[in-house]
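This is protein.txt. It holds compact mmCIF, N, CA and C atoms.
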# COMPACT_ATOMS: atom_id res chain seq x y z
N GLN A 153 0.84 -1.19 0.00
CA GLN A 153 0.00 0.00 0.00
C GLN A 153 0.88 1.24 0.00
N LEU A 154 0.55 2.20 -0.85
CA LEU A 154 1.35 3.40 -0.97
C LEU A 154 1.27 4.24 0.30
N GLN A 155 2.44 4.67 0.77
CA GLN A 155 2.52 5.59 1.90
C GLN A 155 3.36 6.78 1.48
N LEU A 156 2.92 7.96 1.87
CA LEU A 156 3.60 9.20 1.50
C LEU A 156 4.00 9.96 2.76
N VAL A 157 5.20 10.53 2.73
CA VAL A 157 5.70 11.31 3.86
C VAL A 157 6.27 12.62 3.33
N GLU A 158 5.74 13.73 3.84
CA GLU A 158 6.22 15.04 3.44
C GLU A 158 7.33 15.51 4.37
N SER A 159 8.21 16.34 3.84
CA SER A 159 9.26 16.96 4.65
C SER A 159 9.70 18.24 3.96
N GLY A 160 10.47 19.04 4.67
CA GLY A 160 11.04 20.24 4.09
C GLY A 160 10.38 21.54 4.50
N GLY A 161 9.33 21.45 5.28
CA GLY A 161 8.69 22.67 5.73
C GLY A 161 9.54 23.42 6.74
N GLY A 162 9.10 24.62 7.08
CA GLY A 162 9.81 25.41 8.07
C GLY A 162 9.34 26.84 8.09
N LEU A 163 10.12 27.67 8.75
CA LEU A 163 9.84 29.10 8.88
C LEU A 163 10.76 29.86 7.93
N VAL A 164 10.18 30.72 7.12
CA VAL A 164 10.96 31.49 6.15
C VAL A 164 10.39 32.88 6.04
N GLN A 165 11.24 33.83 5.70
CA GLN A 165 10.76 35.20 5.54
C GLN A 165 10.09 35.37 4.18
N SER A 166 9.22 36.36 4.12
CA SER A 166 8.56 36.68 2.86
C SER A 166 9.60 36.93 1.76
N GLY A 167 9.35 36.33 0.61
CA GLY A 167 10.31 36.41 -0.49
C GLY A 167 11.29 35.26 -0.55
N GLY A 168 11.31 34.45 0.49
CA GLY A 168 12.24 33.33 0.55
C GLY A 168 11.74 32.11 -0.20
N SER A 169 12.49 31.03 -0.05
CA SER A 169 12.20 29.79 -0.77
C SER A 169 12.27 28.59 0.16
N LEU A 170 11.54 27.57 -0.21
CA LEU A 170 11.60 26.26 0.45
C LEU A 170 11.38 25.20 -0.61
N ARG A 171 11.92 24.03 -0.38
CA ARG A 171 11.62 22.89 -1.23
C ARG A 171 11.05 21.78 -0.37
N LEU A 172 9.83 21.41 -0.69
CA LEU A 172 9.18 20.31 0.00
C LEU A 172 9.44 19.01 -0.76
N SER A 173 9.51 17.93 0.00
CA SER A 173 9.66 16.60 -0.59
C SER A 173 8.51 15.72 -0.15
N CYS A 174 8.15 14.82 -1.01
CA CYS A 174 7.09 13.83 -0.74
C CYS A 174 7.69 12.47 -1.09
N ALA A 175 8.06 11.72 -0.07
CA ALA A 175 8.72 10.44 -0.28
C ALA A 175 7.71 9.31 -0.20
N ALA A 176 7.78 8.42 -1.17
CA ALA A 176 6.84 7.31 -1.25
C ALA A 176 7.49 5.99 -0.85
N SER A 177 6.66 5.12 -0.28
CA SER A 177 7.09 3.77 0.04
C SER A 177 5.91 2.84 -0.04
N GLY A 178 6.17 1.56 -0.11
CA GLY A 178 5.10 0.57 -0.09
C GLY A 178 4.52 0.24 -1.45
N ALA A 179 4.77 1.04 -2.45
CA ALA A 179 4.26 0.78 -3.79
C ALA A 179 5.08 1.61 -4.79
N THR A 180 4.98 1.23 -6.03
CA THR A 180 5.73 1.93 -7.08
C THR A 180 5.09 3.28 -7.38
N LEU A 181 5.87 4.34 -7.18
CA LEU A 181 5.33 5.69 -7.37
C LEU A 181 4.95 5.96 -8.82
N ASP A 182 5.59 5.24 -9.76
CA ASP A 182 5.37 5.49 -11.19
C ASP A 182 3.91 5.45 -11.61
N TYR A 183 3.08 4.72 -10.87
CA TYR A 183 1.70 4.53 -11.28
C TYR A 183 0.79 5.69 -10.88
N TYR A 184 1.31 6.60 -10.07
CA TYR A 184 0.44 7.59 -9.43
C TYR A 184 0.73 9.02 -9.86
N HIS A 185 -0.36 9.73 -10.12
CA HIS A 185 -0.24 11.18 -10.19
C HIS A 185 -0.16 11.67 -8.74
N ILE A 186 0.60 12.73 -8.51
CA ILE A 186 0.75 13.25 -7.16
C ILE A 186 0.28 14.69 -7.10
N GLY A 187 -0.52 14.96 -6.10
CA GLY A 187 -1.00 16.32 -5.88
C GLY A 187 -0.42 16.90 -4.60
N TRP A 188 -0.18 18.19 -4.64
CA TRP A 188 0.17 18.93 -3.43
C TRP A 188 -1.04 19.80 -3.04
N PHE A 189 -1.33 19.76 -1.76
CA PHE A 189 -2.45 20.52 -1.22
C PHE A 189 -1.95 21.30 -0.01
N ARG A 190 -2.72 22.27 0.42
CA ARG A 190 -2.38 22.99 1.64
C ARG A 190 -3.65 23.36 2.39
N GLN A 191 -3.48 23.51 3.69
CA GLN A 191 -4.60 23.89 4.53
C GLN A 191 -4.14 24.88 5.57
N ALA A 192 -4.69 26.08 5.49
CA ALA A 192 -4.40 27.12 6.46
C ALA A 192 -5.42 27.04 7.59
N PRO A 193 -5.09 27.56 8.77
CA PRO A 193 -6.02 27.52 9.90
C PRO A 193 -7.36 28.14 9.54
N GLY A 194 -8.42 27.41 9.82
CA GLY A 194 -9.75 27.91 9.58
C GLY A 194 -10.21 27.87 8.14
N LYS A 195 -9.40 27.30 7.26
CA LYS A 195 -9.74 27.25 5.84
C LYS A 195 -9.81 25.80 5.37
N GLU A 196 -10.47 25.62 4.24
CA GLU A 196 -10.54 24.29 3.65
C GLU A 196 -9.22 23.94 2.97
N ARG A 197 -8.99 22.64 2.85
CA ARG A 197 -7.81 22.18 2.13
C ARG A 197 -7.97 22.52 0.65
N GLU A 198 -6.92 23.06 0.07
CA GLU A 198 -6.99 23.48 -1.33
C GLU A 198 -5.83 22.88 -2.13
N GLY A 199 -6.09 22.64 -3.40
CA GLY A 199 -5.06 22.12 -4.28
C GLY A 199 -4.07 23.20 -4.65
N VAL A 200 -2.80 22.81 -4.70
CA VAL A 200 -1.73 23.73 -5.05
C VAL A 200 -1.15 23.38 -6.41
N SER A 201 -0.85 22.10 -6.59
CA SER A 201 -0.22 21.66 -7.83
C SER A 201 -0.37 20.16 -7.96
N CYS A 202 -0.25 19.68 -9.17
CA CYS A 202 -0.19 18.23 -9.35
C CYS A 202 0.68 17.89 -10.54
N ILE A 203 1.18 16.67 -10.54
CA ILE A 203 2.09 16.23 -11.59
C ILE A 203 1.68 14.84 -12.02
N SER A 204 1.76 14.58 -13.30
CA SER A 204 1.35 13.29 -13.83
C SER A 204 2.33 12.20 -13.40
N SER A 205 1.91 10.96 -13.54
CA SER A 205 2.71 9.83 -13.09
C SER A 205 4.08 9.80 -13.77
N SER A 206 4.14 10.20 -15.02
CA SER A 206 5.41 10.19 -15.74
C SER A 206 6.19 11.49 -15.58
N GLY A 207 5.54 12.50 -15.04
CA GLY A 207 6.20 13.78 -14.83
C GLY A 207 6.14 14.73 -16.00
N ASP A 208 5.44 14.36 -17.07
CA ASP A 208 5.46 15.20 -18.27
C ASP A 208 4.37 16.27 -18.29
N ARG A 209 3.47 16.19 -17.35
CA ARG A 209 2.40 17.19 -17.28
C ARG A 209 2.25 17.69 -15.87
N THR A 210 1.98 18.98 -15.75
CA THR A 210 1.80 19.60 -14.44
C THR A 210 0.63 20.58 -14.48
N LYS A 211 0.18 20.92 -13.30
CA LYS A 211 -0.92 21.89 -13.17
C LYS A 211 -0.68 22.68 -11.90
N TYR A 212 -0.99 23.97 -11.94
CA TYR A 212 -0.81 24.83 -10.78
C TYR A 212 -2.07 25.63 -10.51
N ALA A 213 -2.33 25.83 -9.24
CA ALA A 213 -3.41 26.74 -8.87
C ALA A 213 -2.96 28.17 -9.15
N ASP A 214 -3.91 29.02 -9.46
CA ASP A 214 -3.57 30.40 -9.85
C ASP A 214 -2.71 31.13 -8.83
N PRO A 215 -2.96 30.99 -7.53
CA PRO A 215 -2.17 31.76 -6.54
C PRO A 215 -0.68 31.43 -6.53
N VAL A 216 -0.29 30.28 -7.09
CA VAL A 216 1.11 29.88 -7.01
C VAL A 216 1.79 29.82 -8.37
N LYS A 217 1.05 30.08 -9.43
CA LYS A 217 1.64 30.03 -10.77
C LYS A 217 2.81 31.01 -10.88
N GLY A 218 3.88 30.52 -11.47
CA GLY A 218 5.07 31.36 -11.64
C GLY A 218 5.98 31.39 -10.42
N ARG A 219 5.51 30.86 -9.30
CA ARG A 219 6.33 30.86 -8.07
C ARG A 219 6.68 29.44 -7.62
N PHE A 220 5.79 28.51 -7.83
CA PHE A 220 6.00 27.12 -7.40
C PHE A 220 6.28 26.24 -8.61
N THR A 221 7.11 25.22 -8.41
CA THR A 221 7.41 24.26 -9.45
C THR A 221 7.38 22.85 -8.86
N VAL A 222 6.59 21.99 -9.48
CA VAL A 222 6.50 20.61 -9.04
C VAL A 222 7.34 19.74 -9.97
N SER A 223 8.00 18.76 -9.39
CA SER A 223 8.82 17.83 -10.18
C SER A 223 8.84 16.49 -9.46
N ARG A 224 9.36 15.49 -10.14
CA ARG A 224 9.42 14.18 -9.51
C ARG A 224 10.62 13.41 -10.03
N ASP A 225 11.09 12.51 -9.19
CA ASP A 225 12.16 11.59 -9.54
C ASP A 225 11.66 10.21 -9.15
N ASN A 226 11.09 9.52 -10.12
CA ASN A 226 10.50 8.21 -9.82
C ASN A 226 11.55 7.20 -9.38
N ALA A 227 12.77 7.36 -9.84
CA ALA A 227 13.83 6.45 -9.41
C ALA A 227 14.11 6.59 -7.92
N LYS A 228 13.86 7.79 -7.39
CA LYS A 228 14.04 8.03 -5.96
C LYS A 228 12.72 8.00 -5.21
N SER A 229 11.64 7.68 -5.94
CA SER A 229 10.30 7.62 -5.33
C SER A 229 9.97 8.90 -4.57
N THR A 230 10.29 10.02 -5.16
CA THR A 230 10.10 11.30 -4.48
C THR A 230 9.54 12.34 -5.44
N VAL A 231 8.63 13.13 -4.91
CA VAL A 231 8.07 14.26 -5.63
C VAL A 231 8.46 15.52 -4.86
N TYR A 232 8.76 16.59 -5.60
CA TYR A 232 9.22 17.83 -4.97
C TYR A 232 8.28 18.98 -5.30
N LEU A 233 8.26 19.94 -4.38
CA LEU A 233 7.57 21.19 -4.65
C LEU A 233 8.53 22.31 -4.28
N GLN A 234 9.08 22.95 -5.30
CA GLN A 234 9.96 24.10 -5.09
C GLN A 234 9.09 25.34 -4.98
N MET A 235 9.22 26.03 -3.87
CA MET A 235 8.39 27.20 -3.60
C MET A 235 9.28 28.43 -3.50
N ASN A 236 9.11 29.35 -4.42
CA ASN A 236 9.89 30.58 -4.44
C ASN A 236 9.00 31.79 -4.21
N ILE A 237 9.62 32.90 -3.90
CA ILE A 237 8.91 34.17 -3.67
C ILE A 237 7.73 33.92 -2.74
N LEU A 238 8.01 33.29 -1.62
CA LEU A 238 6.94 32.93 -0.69
C LEU A 238 6.32 34.17 -0.07
N LYS A 239 5.02 34.05 0.17
CA LYS A 239 4.24 35.15 0.74
C LYS A 239 3.61 34.69 2.04
N PRO A 240 3.26 35.60 2.93
CA PRO A 240 2.60 35.19 4.18
C PRO A 240 1.34 34.37 3.94
N GLU A 241 0.64 34.63 2.87
CA GLU A 241 -0.59 33.87 2.57
C GLU A 241 -0.31 32.43 2.13
N ASP A 242 0.96 32.09 1.93
CA ASP A 242 1.32 30.70 1.64
C ASP A 242 1.43 29.87 2.91
N THR A 243 1.34 30.51 4.06
CA THR A 243 1.43 29.80 5.33
C THR A 243 0.31 28.78 5.45
N ALA A 244 0.69 27.53 5.68
CA ALA A 244 -0.27 26.44 5.75
C ALA A 244 0.47 25.15 6.06
N VAL A 245 -0.30 24.11 6.35
CA VAL A 245 0.24 22.76 6.36
C VAL A 245 0.11 22.22 4.93
N TYR A 246 1.20 21.72 4.41
CA TYR A 246 1.23 21.22 3.04
C TYR A 246 1.21 19.69 3.05
N TYR A 247 0.37 19.14 2.20
CA TYR A 247 0.20 17.69 2.10
C TYR A 247 0.44 17.23 0.66
N CYS A 248 0.92 16.01 0.52
CA CYS A 248 0.92 15.37 -0.78
C CYS A 248 -0.02 14.17 -0.72
N ALA A 249 -0.55 13.81 -1.88
CA ALA A 249 -1.49 12.71 -1.97
C ALA A 249 -1.44 12.14 -3.38
N ALA A 250 -1.96 10.94 -3.54
CA ALA A 250 -1.84 10.22 -4.79
C ALA A 250 -3.18 10.01 -5.47
N SER A 251 -3.13 9.98 -6.78
CA SER A 251 -4.33 9.73 -7.57
C SER A 251 -3.96 8.85 -8.75
N THR A 252 -4.94 8.12 -9.26
CA THR A 252 -4.73 7.30 -10.45
C THR A 252 -5.76 7.66 -11.50
N GLY A 253 -5.63 7.05 -12.67
CA GLY A 253 -6.62 7.29 -13.71
C GLY A 253 -6.25 8.46 -14.61
N ILE A 254 -7.25 9.12 -15.11
CA ILE A 254 -7.05 10.19 -16.08
C ILE A 254 -6.46 11.43 -15.40
N PHE A 255 -5.32 11.90 -15.92
CA PHE A 255 -4.65 13.03 -15.28
C PHE A 255 -5.51 14.29 -15.33
N GLY A 256 -6.28 14.42 -16.39
CA GLY A 256 -7.14 15.59 -16.51
C GLY A 256 -8.10 15.72 -15.34
N LEU A 257 -8.54 14.59 -14.81
CA LEU A 257 -9.41 14.63 -13.64
C LEU A 257 -8.61 14.98 -12.40
N ALA A 258 -7.40 14.50 -12.32
CA ALA A 258 -6.55 14.84 -11.17
C ALA A 258 -6.27 16.33 -11.11
N THR A 259 -6.17 16.96 -12.27
CA THR A 259 -5.84 18.39 -12.29
C THR A 259 -6.94 19.26 -11.70
N LEU A 260 -8.12 18.70 -11.53
CA LEU A 260 -9.18 19.44 -10.84
C LEU A 260 -8.82 19.63 -9.38
N MET A 261 -7.90 18.80 -8.90
CA MET A 261 -7.37 18.88 -7.54
C MET A 261 -8.49 18.88 -6.50
N ARG A 262 -9.42 17.97 -6.70
CA ARG A 262 -10.46 17.76 -5.68
C ARG A 262 -9.96 16.71 -4.71
N THR A 263 -10.03 16.99 -3.44
CA THR A 263 -9.44 16.11 -2.44
C THR A 263 -10.02 14.70 -2.49
N GLU A 264 -11.27 14.57 -2.88
CA GLU A 264 -11.89 13.24 -2.88
C GLU A 264 -11.31 12.32 -3.94
N ARG A 265 -10.57 12.85 -4.88
CA ARG A 265 -9.95 12.02 -5.92
C ARG A 265 -8.55 11.55 -5.53
N PHE A 266 -8.11 11.96 -4.36
CA PHE A 266 -6.76 11.63 -3.92
C PHE A 266 -6.80 10.79 -2.65
N GLY A 267 -5.78 9.94 -2.49
CA GLY A 267 -5.67 9.11 -1.31
C GLY A 267 -4.23 9.02 -0.85
N SER A 268 -4.00 8.16 0.10
CA SER A 268 -2.66 7.94 0.66
C SER A 268 -2.05 9.24 1.15
N TRP A 269 -2.83 10.03 1.82
CA TRP A 269 -2.38 11.33 2.29
C TRP A 269 -1.23 11.19 3.28
N GLY A 270 -0.25 12.09 3.13
CA GLY A 270 0.80 12.16 4.13
C GLY A 270 0.32 12.91 5.36
N GLN A 271 1.22 13.06 6.33
CA GLN A 271 0.85 13.69 7.60
C GLN A 271 0.96 15.22 7.52
N GLY A 272 1.59 15.72 6.47
CA GLY A 272 1.70 17.15 6.29
C GLY A 272 2.98 17.72 6.86
N THR A 273 3.38 18.87 6.32
CA THR A 273 4.55 19.59 6.81
C THR A 273 4.19 21.08 6.88
N GLN A 274 4.52 21.69 7.98
CA GLN A 274 4.13 23.08 8.22
C GLN A 274 5.08 24.04 7.49
N VAL A 275 4.47 24.98 6.77
CA VAL A 275 5.21 26.07 6.14
C VAL A 275 4.69 27.37 6.72
N THR A 276 5.60 28.16 7.28
CA THR A 276 5.23 29.44 7.86
C THR A 276 6.08 30.53 7.22
N VAL A 277 5.40 31.52 6.65
CA VAL A 277 6.08 32.62 5.98
C VAL A 277 5.82 33.90 6.78
N SER A 278 6.88 34.49 7.29
CA SER A 278 6.74 35.70 8.09
C SER A 278 6.87 36.93 7.20
N SER A 279 6.15 37.98 7.59
CA SER A 279 6.16 39.22 6.79
C SER A 279 7.29 40.13 7.21
Structure translated into structure tokens:
Amino acid sequence: QLQLVESGGGLVQSGGSLRLSCAASGATLDYYHIGWFRQAPGKEREGVSCISSSGDRTKYADPVKGRFTVSRDNAKSTVYLQMNILKPEDTAVYYCAASTGIFGLATLMRTERFGSWGQGTQVTVSS
């Protein structure tokens, strides 16, 4: 069974950068599209980005376009989220999760289409 573990979160000043990692175990990552989501206090979990199983297609939510980049290394069973020009509104717990099937449906980034959720990693951006 696929298990995902996020890491790389922390405290950073506005304008700074962080790289999150999502490490997979228990199953071959190659079969899964991976989505990154975030949840700020008092808000619903929202999709940030997703990447196809082969890594050739990506999707970004409007608030992070041009600042975040998702990538993956299936040989290392790891997906990354490079976050640049961070803003205080990016503060949230960030999660990765897996989806299968048609990538176009995964790009809707609806939480119900994803499973194997990690425990999350906290990202805090100070102003």
*Ser268 in chain A surroundings by only N, CA and C atoms, 7 Å radius, close-in-sequence under 5 positions cut, as a list in words*: Leu154, Gln155, Leu156, Cys248, Ala249 and Ala250 of chain A
*Give me the residues within 10 Å of Gly218 in chain A as JSON, numbers by chain, counting only C-alpha atoms and dropping any in the same chain fewer than 3 places off.*
{"A": [212, 214, 215, 221, 235, 236, 237]}
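Relative to CA of Gly253 in chain A, CA of Gly160 in chain A is found at 28.2 Å.
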_Computed interatomic separation between atom N of Ser173 in chain A and atom N of Tyr232 in chain A (Å)_ =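 We find that atom N of Ser173 in chain A and atom N of Tyr232 in chain A lie 5.8 Å from each other.
Close contacts of Ala176 in chain A, defined as residues with an atom at most 8 Å away when counting all atoms listed in the file, with chain neighbours fewer than 4 positions off set aside, comprise Leu154, Gln155, Leu156, Val157, Glu158, Thr180, Leu181, Lys228, Ser229, Thr230 and Val231 of chain A.
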*What separation in Å, quoted to one decimal, exists between atom C of Ile203 in chain A and atom N of Leu170 in chain A?*
20.0 Å
*Shortest interatomic distance to Leu233 in chain A - which of A:Gln153, A:Ser251, A:Cys174, A:Gly267, counting all atoms listed in the file*: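 Nearest to Leu233 in chain A: A:Cys174.
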_Best match for closeness to Pro240 in chain A among A:Ala179, A:Ile254, A:Met261, A:Leu163, counting only C-alpha atoms_ =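 Answer, going by the shortest atom-to-atom distance: A:Leu163.
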Have range 202-213 of chain A completed to all heavy atoms, please, and pass it along as a PDB file, in the coordinates of the input.
ATOM      1  N   CYS A 202      -0.250  19.680  -9.170  1.00  0.00           N
ATOM      2  CA  CYS A 202      -0.190  18.230  -9.350  1.00  0.00           C
ATOM      3  C   CYS A 202       0.680  17.890 -10.540  1.00  0.00           C
ATOM      4  O   CYS A 202       0.909  18.736 -11.417  1.00  0.00           O
ATOM      5  CB  CYS A 202      -1.575  17.592  -9.459  1.00  0.00           C
ATOM      6  SG  CYS A 202      -2.529  18.129 -10.860  1.00  0.00           S
ATOM      7  N   ILE A 203       1.180  16.670 -10.540  1.00  0.00           N
ATOM      8  CA  ILE A 203       2.090  16.230 -11.590  1.00  0.00           C
ATOM      9  C   ILE A 203       1.680  14.840 -12.020  1.00  0.00           C
ATOM     10  O   ILE A 203       1.279  14.011 -11.188  1.00  0.00           O
ATOM     11  CB  ILE A 203       3.553  16.282 -11.092  1.00  0.00           C
ATOM     12  CG1 ILE A 203       4.533  15.940 -12.208  1.00  0.00           C
ATOM     13  CG2 ILE A 203       3.760  15.391  -9.863  1.00  0.00           C
ATOM     14  CD1 ILE A 203       5.980  16.274 -11.880  1.00  0.00           C
ATOM     15  N   SER A 204       1.760  14.580 -13.300  1.00  0.00           N
ATOM     16  CA  SER A 204       1.350  13.290 -13.830  1.00  0.00           C
ATOM     17  C   SER A 204       2.330  12.200 -13.400  1.00  0.00           C
ATOM     18  O   SER A 204       3.450  12.486 -12.979  1.00  0.00           O
ATOM     19  CB  SER A 204       1.260  13.346 -15.353  1.00  0.00           C
ATOM     20  OG  SER A 204       2.530  13.630 -15.913  1.00  0.00           O
ATOM     21  N   SER A 205       1.910  10.960 -13.540  1.00  0.00           N
ATOM     22  CA  SER A 205       2.710   9.830 -13.090  1.00  0.00           C
ATOM     23  C   SER A 205       4.080   9.800 -13.770  1.00  0.00           C
ATOM     24  O   SER A 205       5.068   9.418 -13.136  1.00  0.00           O
ATOM     25  CB  SER A 205       1.970   8.524 -13.345  1.00  0.00           C
ATOM     26  OG  SER A 205       1.622   8.408 -14.712  1.00  0.00           O
ATOM     27  N   SER A 206       4.140  10.200 -15.020  1.00  0.00           N
ATOM     28  CA  SER A 206       5.410  10.190 -15.740  1.00  0.00           C
ATOM     29  C   SER A 206       6.190  11.490 -15.580  1.00  0.00           C
ATOM     30  O   SER A 206       7.356  11.572 -15.951  1.00  0.00           O
ATOM     31  CB  SER A 206       5.171   9.941 -17.226  1.00  0.00           C
ATOM     32  OG  SER A 206       4.385  10.977 -17.770  1.00  0.00           O
ATOM     33  N   GLY A 207       5.540  12.500 -15.040  1.00  0.00           N
ATOM     34  CA  GLY A 207       6.200  13.780 -14.830  1.00  0.00           C
ATOM     35  C   GLY A 207       6.140  14.730 -16.000  1.00  0.00           C
ATOM     36  O   GLY A 207       6.715  15.826 -15.937  1.00  0.00           O
ATOM     37  N   ASP A 208       5.440  14.360 -17.070  1.00  0.00           N
ATOM     38  CA  ASP A 208       5.460  15.200 -18.270  1.00  0.00           C
ATOM     39  C   ASP A 208       4.370  16.270 -18.290  1.00  0.00           C
ATOM     40  O   ASP A 208       4.380  17.145 -19.159  1.00  0.00           O
ATOM     41  CB  ASP A 208       5.352  14.333 -19.528  1.00  0.00           C
ATOM     42  CG  ASP A 208       4.056  13.554 -19.594  1.00  0.00           C
ATOM     43  OD1 ASP A 208       3.429  13.364 -18.539  1.00  0.00           O
ATOM     44  OD2 ASP A 208       3.669  13.123 -20.699  1.00  0.00           O
ATOM     45  N   ARG A 209       3.470  16.190 -17.350  1.00  0.00           N
ATOM     46  CA  ARG A 209       2.400  17.190 -17.280  1.00  0.00           C
ATOM     47  C   ARG A 209       2.250  17.690 -15.870  1.00  0.00           C
ATOM     48  O   ARG A 209       2.359  16.918 -14.916  1.00  0.00           O
ATOM     49  CB  ARG A 209       1.081  16.593 -17.785  1.00  0.00           C
ATOM     50  CG  ARG A 209       1.051  16.312 -19.284  1.00  0.00           C
ATOM     51  CD  ARG A 209      -0.139  15.451 -19.638  1.00  0.00           C
ATOM     52  NE  ARG A 209       0.029  14.082 -19.157  1.00  0.00           N
ATOM     53  CZ  ARG A 209      -0.945  13.178 -19.178  1.00  0.00           C
ATOM     54  NH1 ARG A 209      -2.144  13.501 -19.631  1.00  0.00           N
ATOM     55  NH2 ARG A 209      -0.708  11.957 -18.742  1.00  0.00           N
ATOM     56  N   THR A 210       1.980  18.980 -15.750  1.00  0.00           N
ATOM     57  CA  THR A 210       1.800  19.600 -14.440  1.00  0.00           C
ATOM     58  C   THR A 210       0.630  20.580 -14.480  1.00  0.00           C
ATOM     59  O   THR A 210       0.191  21.009 -15.543  1.00  0.00           O
ATOM     60  CB  THR A 210       3.066  20.369 -14.010  1.00  0.00           C
ATOM     61  OG1 THR A 210       3.367  21.370 -14.991  1.00  0.00           O
ATOM     62  CG2 THR A 210       4.255  19.440 -13.842  1.00  0.00           C
ATOM     63  N   LYS A 211       0.180  20.920 -13.300  1.00  0.00           N
ATOM     64  CA  LYS A 211      -0.920  21.890 -13.170  1.00  0.00           C
ATOM     65  C   LYS A 211      -0.680  22.680 -11.900  1.00  0.00           C
ATOM     66  O   LYS A 211      -0.225  22.116 -10.895  1.00  0.00           O
ATOM     67  CB  LYS A 211      -2.263  21.153 -13.098  1.00  0.00           C
ATOM     68  CG  LYS A 211      -3.478  22.061 -12.909  1.00  0.00           C
ATOM     69  CD  LYS A 211      -3.765  22.858 -14.139  1.00  0.00           C
ATOM     70  CE  LYS A 211      -4.970  23.770 -13.956  1.00  0.00           C
ATOM     71  NZ  LYS A 211      -6.234  23.049 -13.854  1.00  0.00           N
ATOM     72  N   TYR A 212      -0.990  23.970 -11.940  1.00  0.00           N
ATOM     73  CA  TYR A 212      -0.810  24.830 -10.780  1.00  0.00           C
ATOM     74  C   TYR A 212      -2.070  25.630 -10.510  1.00  0.00           C
ATOM     75  O   TYR A 212      -2.746  26.084 -11.428  1.00  0.00           O
ATOM     76  CB  TYR A 212       0.362  25.790 -11.008  1.00  0.00           C
ATOM     77  CG  TYR A 212       1.684  25.102 -11.209  1.00  0.00           C
ATOM     78  CD1 TYR A 212       2.132  24.783 -12.490  1.00  0.00           C
ATOM     79  CD2 TYR A 212       2.473  24.737 -10.129  1.00  0.00           C
ATOM     80  CE1 TYR A 212       3.329  24.129 -12.686  1.00  0.00           C
ATOM     81  CE2 TYR A 212       3.683  24.076 -10.312  1.00  0.00           C
ATOM     82  CZ  TYR A 212       4.100  23.777 -11.595  1.00  0.00           C
ATOM     83  OH  TYR A 212       5.291  23.113 -11.773  1.00  0.00           O
ATOM     84  N   ALA A 213      -2.330  25.830  -9.240  1.00  0.00           N
ATOM     85  CA  ALA A 213      -3.410  26.740  -8.870  1.00  0.00           C
ATOM     86  C   ALA A 213      -2.960  28.170  -9.150  1.00  0.00           C
ATOM     87  O   ALA A 213      -1.767  28.488  -9.067  1.00  0.00           O
ATOM     88  CB  ALA A 213      -3.739  26.559  -7.387  1.00  0.00           C
TER      89      ALA A 213
END
